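Below is start-v2.txt, holding compact mmCIF, C-alpha atoms and all ligand atoms.
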# COMPACT_ATOMS: atom_id res chain seq x y z
CA MET N 1184 7.97 23.81 2.22
CA LYS N 1185 8.83 21.60 -0.74
CA VAL N 1186 8.60 18.55 1.51
CA HIS N 1187 4.96 19.34 2.32
CA ASP N 1188 4.18 19.60 -1.42
CA GLY N 1189 6.01 16.34 -1.98
CA LEU N 1190 4.02 14.64 0.78
CA ASN N 1191 0.79 15.84 -0.82
CA ASP N 1192 1.99 14.45 -4.17
CA GLN N 1193 2.85 11.16 -2.56
CA ILE N 1194 -0.59 10.89 -0.95
CA LYS N 1195 -1.97 11.14 -4.48
CA ASN N 1196 0.54 8.57 -5.80
CA GLU N 1197 -0.49 6.06 -3.12
CA PHE N 1198 -4.19 6.60 -3.86
CA TYR N 1199 -3.47 6.20 -7.57
CA ALA N 1200 -1.72 2.90 -6.78
CA ALA N 1201 -4.81 1.79 -4.82
CA TYR N 1202 -7.00 2.74 -7.78
CA LEU N 1203 -4.72 1.00 -10.29
CA TYR N 1204 -4.73 -2.17 -8.19
CA LEU N 1205 -8.50 -2.03 -7.92
CA ALA N 1206 -8.67 -1.99 -11.74
CA MET N 1207 -6.45 -5.07 -11.65
CA VAL N 1208 -8.79 -6.74 -9.12
CA ALA N 1209 -11.62 -6.22 -11.62
CA TYR N 1210 -9.54 -7.83 -14.40
CA PHE N 1211 -8.69 -10.88 -12.29
CA GLU N 1212 -12.30 -11.26 -11.13
CA GLU N 1213 -13.40 -11.17 -14.77
CA LYS N 1214 -10.89 -13.90 -15.63
CA HIS N 1215 -11.98 -16.07 -12.69
CA LEU N 1216 -8.52 -15.84 -11.20
CA ASP N 1217 -9.78 -15.55 -7.65
CA GLY N 1218 -6.39 -16.03 -6.01
CA PHE N 1219 -4.86 -13.12 -7.91
CA ALA N 1220 -7.97 -11.02 -7.22
CA HIS N 1221 -7.63 -11.73 -3.48
CA TRP N 1222 -3.92 -10.89 -3.53
CA MET N 1223 -4.53 -7.64 -5.42
CA ARG N 1224 -7.39 -6.62 -3.09
CA MET N 1225 -4.85 -6.73 -0.28
CA GLN N 1226 -2.50 -4.56 -2.35
CA ASN N 1227 -5.33 -2.09 -2.86
CA ALA N 1228 -6.02 -1.84 0.87
CA GLU N 1229 -2.33 -1.58 1.64
CA GLU N 1230 -1.92 1.41 -0.69
CA ILE N 1231 -4.82 3.20 1.01
CA ALA N 1232 -3.11 2.58 4.34
CA HIS N 1233 0.12 4.07 2.88
CA ALA N 1234 -1.75 7.17 1.74
CA MET N 1235 -3.29 7.58 5.18
CA LYS N 1236 0.06 7.16 6.88
CA LEU N 1237 1.38 10.13 4.88
CA PHE N 1238 -1.87 12.05 5.42
CA ASP N 1239 -1.60 11.64 9.20
CA HIS N 1240 2.09 12.54 9.18
CA LEU N 1241 1.54 15.76 7.22
CA THR N 1242 -1.20 16.76 9.63
CA ASP N 1243 0.94 15.84 12.64
CA ILE N 1244 3.83 18.08 11.52
CA GLY N 1245 1.49 21.05 11.03
CA GLY N 1246 1.25 20.79 7.25
CA ARG N 1247 -1.81 21.29 5.12
CA VAL N 1248 -3.26 18.33 3.28
CA VAL N 1249 -4.41 19.29 -0.21
CA LEU N 1250 -5.94 16.32 -1.96
CA GLN N 1251 -5.22 16.10 -5.67
CA ALA N 1252 -7.11 14.59 -8.59
CA ILE N 1253 -6.41 10.91 -9.19
CA ASP N 1254 -5.88 9.80 -12.80
CA GLN N 1255 -8.03 7.15 -14.39
CA PRO N 1256 -6.18 3.81 -14.30
CA PRO N 1257 -6.06 1.52 -17.35
CA SER N 1258 -8.80 -1.07 -17.68
CA ASP N 1259 -7.52 -3.16 -20.59
CA PHE N 1260 -4.88 -5.69 -19.72
CA LYS N 1261 -3.45 -8.30 -22.08
CA SER N 1262 -2.68 -11.08 -19.62
CA PRO N 1263 -1.94 -11.78 -15.95
CA LEU N 1264 1.75 -11.33 -16.79
CA ASP N 1265 0.99 -7.93 -18.36
CA VAL N 1266 -0.87 -6.93 -15.18
CA MET N 1267 1.92 -7.97 -12.86
CA ARG N 1268 4.59 -6.32 -15.03
CA LEU N 1269 2.62 -3.10 -14.90
CA SER N 1270 2.29 -3.45 -11.15
CA LEU N 1271 6.06 -3.94 -10.84
CA ALA N 1272 6.74 -0.89 -13.04
CA HIS N 1273 4.42 1.15 -10.87
CA GLU N 1274 6.12 0.02 -7.67
CA GLN N 1275 9.50 0.98 -9.17
CA HIS N 1276 8.07 4.40 -10.02
CA VAL N 1277 6.79 4.81 -6.45
CA THR N 1278 10.21 3.82 -5.11
CA GLU N 1279 11.81 6.61 -7.17
CA LYS N 1280 9.25 9.09 -5.83
CA ILE N 1281 9.93 8.03 -2.23
CA HIS N 1282 13.68 8.41 -2.78
CA GLU N 1283 13.20 11.89 -4.29
CA LEU N 1284 11.05 12.89 -1.35
CA TYR N 1285 13.63 11.55 1.08
CA GLY N 1286 16.25 13.70 -0.67
CA LEU N 1287 14.07 16.77 -0.18
CA ALA N 1288 13.56 15.95 3.50
CA VAL N 1289 17.35 15.73 3.90
CA GLU N 1290 17.84 19.08 2.12
CA GLU N 1291 15.25 20.75 4.32
CA ARG N 1292 16.50 19.03 7.48
CA ASP N 1293 13.02 17.66 8.08
CA TYR N 1294 14.12 14.84 10.39
CA ALA N 1295 10.61 13.66 11.30
CA THR N 1296 9.77 13.12 7.64
CA GLN N 1297 13.07 11.32 7.10
CA VAL N 1298 12.14 8.84 9.84
CA LEU N 1299 8.72 8.27 8.31
CA LEU N 1300 10.20 7.81 4.84
CA GLN N 1301 12.69 5.25 6.09
CA TRP N 1302 9.68 3.02 6.72
CA PHE N 1303 8.54 3.61 3.15
CA VAL N 1304 12.01 2.88 1.74
CA THR N 1305 11.97 -0.54 3.45
CA GLU N 1306 8.37 -1.13 2.41
CA GLN N 1307 9.23 -0.49 -1.25
CA VAL N 1308 12.00 -3.10 -1.16
CA GLU N 1309 9.40 -5.63 0.04
CA GLU N 1310 6.83 -4.48 -2.51
CA GLU N 1311 9.19 -4.80 -5.44
CA LYS N 1312 10.36 -8.21 -4.25
CA SER N 1313 6.86 -9.66 -3.79
CA VAL N 1314 5.58 -8.37 -7.13
CA GLY N 1315 8.84 -9.30 -8.90
CA ASP N 1316 8.56 -12.87 -7.60
CA ILE N 1317 5.10 -13.21 -9.14
CA VAL N 1318 6.32 -11.79 -12.47
CA GLY N 1319 9.09 -14.39 -12.41
CA ARG N 1320 6.70 -17.26 -11.71
CA LEU N 1321 4.33 -16.16 -14.48
CA GLN N 1322 7.26 -16.01 -16.90
CA LEU N 1323 8.19 -19.56 -15.92
CA ALA N 1324 4.58 -20.66 -16.46
CA GLY N 1325 4.62 -19.41 -20.06
CA ASP N 1326 1.38 -20.33 -21.84
CA SER N 1327 0.48 -23.21 -19.55
CA PRO N 1328 -3.06 -22.85 -18.13
CA GLU N 1329 -2.27 -25.54 -15.54
CA ALA N 1330 0.67 -23.54 -14.23
CA LEU N 1331 -1.42 -20.36 -14.18
CA VAL N 1332 -4.11 -22.09 -12.09
CA LEU N 1333 -1.43 -23.31 -9.70
CA ILE N 1334 0.05 -19.81 -9.31
CA ASP N 1335 -3.46 -18.43 -8.82
CA GLN N 1336 -4.04 -20.93 -6.00
CA GLU N 1337 -0.80 -19.83 -4.35
CA ARG N 1338 -1.97 -16.21 -4.37
CA ALA N 1339 -5.19 -17.22 -2.58
CA GLY N 1340 -3.08 -18.14 0.44
CA ARG N 1341 -1.95 -14.58 1.13
CA THR N 1342 -2.71 -13.65 4.72
CA PRO N 1343 -2.91 -10.25 6.43
CA GLU N 1344 0.13 -11.26 8.52
CA GLU N 1345 2.13 -11.70 5.33
CA VAL N 1346 1.14 -8.22 4.13
CA GLY N 1347 1.97 -6.58 7.46
CA GLU N 1348 0.85 -3.09 8.31
CA GLY N 1349 -2.07 -1.90 6.23
CA ALA N 1350 -3.40 -5.36 5.49
CA TRP N 1351 -7.08 -5.81 4.91
CA PRO N 1352 -9.12 -7.78 5.85
CA ARG N 1353 -7.44 -7.45 9.19
CA PRO N 1354 -7.03 -10.21 11.76
CA PRO N 1355 -9.22 -9.83 14.85
CA PRO N 1356 -7.58 -7.58 17.48
CA GLY N 1357 -5.56 -9.23 20.21
CA PRO N 1358 -6.09 -8.53 23.95
CA ALA N 1359 -3.58 -5.64 23.96
CA GLU N 1360 -5.32 -3.90 21.08
CA GLU N 1361 -8.72 -4.38 22.71
CA ALA N 1362 -7.36 -2.79 25.88
CA LEU N 1363 -6.05 0.17 23.88
CA ARG N 1364 -9.45 0.73 22.30
CA THR N 1365 -10.98 1.31 25.69
CA CYS N 1366 -8.25 3.36 27.37
CA SER N 1367 -7.48 7.07 27.15
CA GLY N 1368 -7.03 9.07 23.98
CA ALA N 1369 -3.47 9.88 25.04
CA ALA N 1370 -2.57 6.21 25.06
CA PHE N 1371 -4.31 5.75 21.74
CA SER N 1372 -2.44 8.53 20.02
CA ALA N 1373 0.81 7.21 21.45
CA THR N 1374 0.32 4.19 19.22
CA SER N 1375 -0.07 6.09 15.98
CA ASN N 1376 1.75 3.33 14.10
CA SER N 1377 -0.33 0.58 15.64
CA PRO N 1378 -2.05 -1.79 13.21
CA ILE N 1379 -5.35 -0.85 14.87
CA ARG N 1380 -5.23 2.32 12.77
CA PRO N 1381 -5.35 0.83 9.30
CA PHE N 1382 -6.84 3.75 7.36
CA GLY N 1383 -6.10 6.63 9.73
CA ARG N 1384 -7.24 7.56 13.16
CA SER N 1385 -10.66 8.92 12.18
CA LEU N 1386 -11.89 5.48 11.22
CA PHE N 1387 -12.52 4.63 14.85
CA GLY N 1388 -13.95 7.98 15.90
CA PRO N 1389 -13.43 9.61 19.27
CA LEU N 1390 -12.73 7.22 22.11
FE FE D 1401 2.50 2.27 -1.42
FE FE D 1402 2.91 -0.55 -3.20

Go ahead and express the file in the form of structure tokens.
Amino acid sequence: MKVHDGLNDQIKNEFYAAYLYLAMVAYFEEKHLDGFAHWMRMQNAEEIAHAMKLFDHLTDIGGRVVLQAIDQPPSDFKSPLDVMRLSLAHEQHVTEKIHELYGLAVEERDYATQVLLQWFVTEQVEEEKSVGDIVGRLQLAGDSPEALVLIDQERAGRTPEEVGEGAWPRPPPGPAEEALRTCSGAAFSATSNSPIRPFGRSLFGPL
């Protein structure tokens, strides 16, 4: 059952990422970089959604969720570039962990977990690209406050649609999602990957 242990580890890694990004939100708020703070808040919510996706999966396959202690994230950052470099390094670390876990799932012939992890593999490509792009733009900006303000304003434009699954704040539900909220539990559970379940099924309570 190494895969189950690995899934529990990864739940912790995703929660640590959420915690780390929350520390970064605090830094950006302190520096009055509201666009970056907004962007990082979305990252924070997305990581919680990732953790809950793994949590639900482990429960669904009959595993036992054992929550682990989450390390204290750093609180001293040198600059916005330092923050985003750290964020990129962390995403690269998470990618490695996902790949290791995928390898275990292959070894153990855990096909359901392989399917779930394929989603995470794709997600990590997007995560590294979006954070890497910001690192690149901050490097181009150098020491220019004007350029930093411009990049901050760009970050303020991040929408839940851009983030995809796990985004928060979420857009209002469409007619199909409203209909699902009011129909049977069977139909609800059939949409376990629906965006109406951002932080796990329990958020909405029994239908
Ligand atoms: Fe994640
Ligand atoms: Fe991430």

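The residues sitting within 6 Å of ligand FE 1402 (chain D), with all atoms listed in the file considered, come out as N:Glu1230, N:Glu1274, N:Glu1310.
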
Grab the residues selected above and save them as a CSV table (one decimal), in the coordinates of the input with C-alpha atoms.
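Final output, saved to out_3.csv:
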chain,number,residue,atom,x,y,z
N,1230,GLU,CA,-1.9,1.4,-0.7
N,1274,GLU,CA,6.1,0.0,-7.7
N,1310,GLU,CA,6.8,-4.5,-2.5

task: List all protein, DNA and RNA residues that have any atom at most 7 Å from ligand FE 1401 (chain D), counting all atoms listed in the file, and write the list as a PyMOL selection string.
output: chain N and resi 1197+1200+1229-1230+1233

re atom CA of N:Ala1295 and atom CA of N:Ser1270: distance 29.4 Å

Determine, counting all atoms listed in the file, which protein, DNA and RNA residues have an atom within 12 Å of an atom of N:Gln1251; residues of the same chain fewer than 5 positions away are not included. Present the result as a list in words.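 Non-adjacent residues within range: Asp1188, Gly1189, Leu1190, Asn1191, Asp1192, Gln1193, Ile1194, Lys1195, Asn1196, Glu1197, Phe1198 and Tyr1199 of chain N.
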
**Prompt:** What is the atom CA of N:His1187 to atom CA of N:Val1298 distance in Å?
**Reply:**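 Separation of atom CA of N:His1187 and atom CA of N:Val1298: 14.8 Å.
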
(request) Excluding N:Arg1338 and residues on its chain fewer than 2 positions from it, collect all residues at most 10 Å away from it, counting all atoms listed in the file, and give them as a list of chain:residue names. (result)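 In the requested form, the answer reads N:Leu1216, N:Asp1217, N:Gly1218, N:Phe1219, N:Ala1220, N:His1221, N:Trp1222, N:Met1223, N:Ile1317, N:Val1332, N:Leu1333, N:Ile1334, N:Asp1335, N:Gln1336, N:Gly1340, N:Arg1341, N:Thr1342.
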
Those residues you just picked out, can you put them in a file as a tab-separated table (two decimals), in the frame of the given file with C-alpha atoms?
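Below is the file that was written, again14.tsv:
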chain	number	residue	atom	x	y	z
N	1216	LEU	CA	-8.52	-15.84	-11.20
N	1217	ASP	CA	-9.78	-15.55	-7.65
N	1218	GLY	CA	-6.39	-16.03	-6.01
N	1219	PHE	CA	-4.86	-13.12	-7.91
N	1220	ALA	CA	-7.97	-11.02	-7.22
N	1221	HIS	CA	-7.63	-11.73	-3.48
N	1222	TRP	CA	-3.92	-10.89	-3.53
N	1223	MET	CA	-4.53	-7.64	-5.42
N	1317	ILE	CA	5.10	-13.21	-9.14
N	1332	VAL	CA	-4.11	-22.09	-12.09
N	1333	LEU	CA	-1.43	-23.31	-9.70
N	1334	ILE	CA	0.05	-19.81	-9.31
N	1335	ASP	CA	-3.46	-18.43	-8.82
N	1336	GLN	CA	-4.04	-20.93	-6.00
N	1340	GLY	CA	-3.08	-18.14	0.44
N	1341	ARG	CA	-1.95	-14.58	1.13
N	1342	THR	CA	-2.71	-13.65	4.72
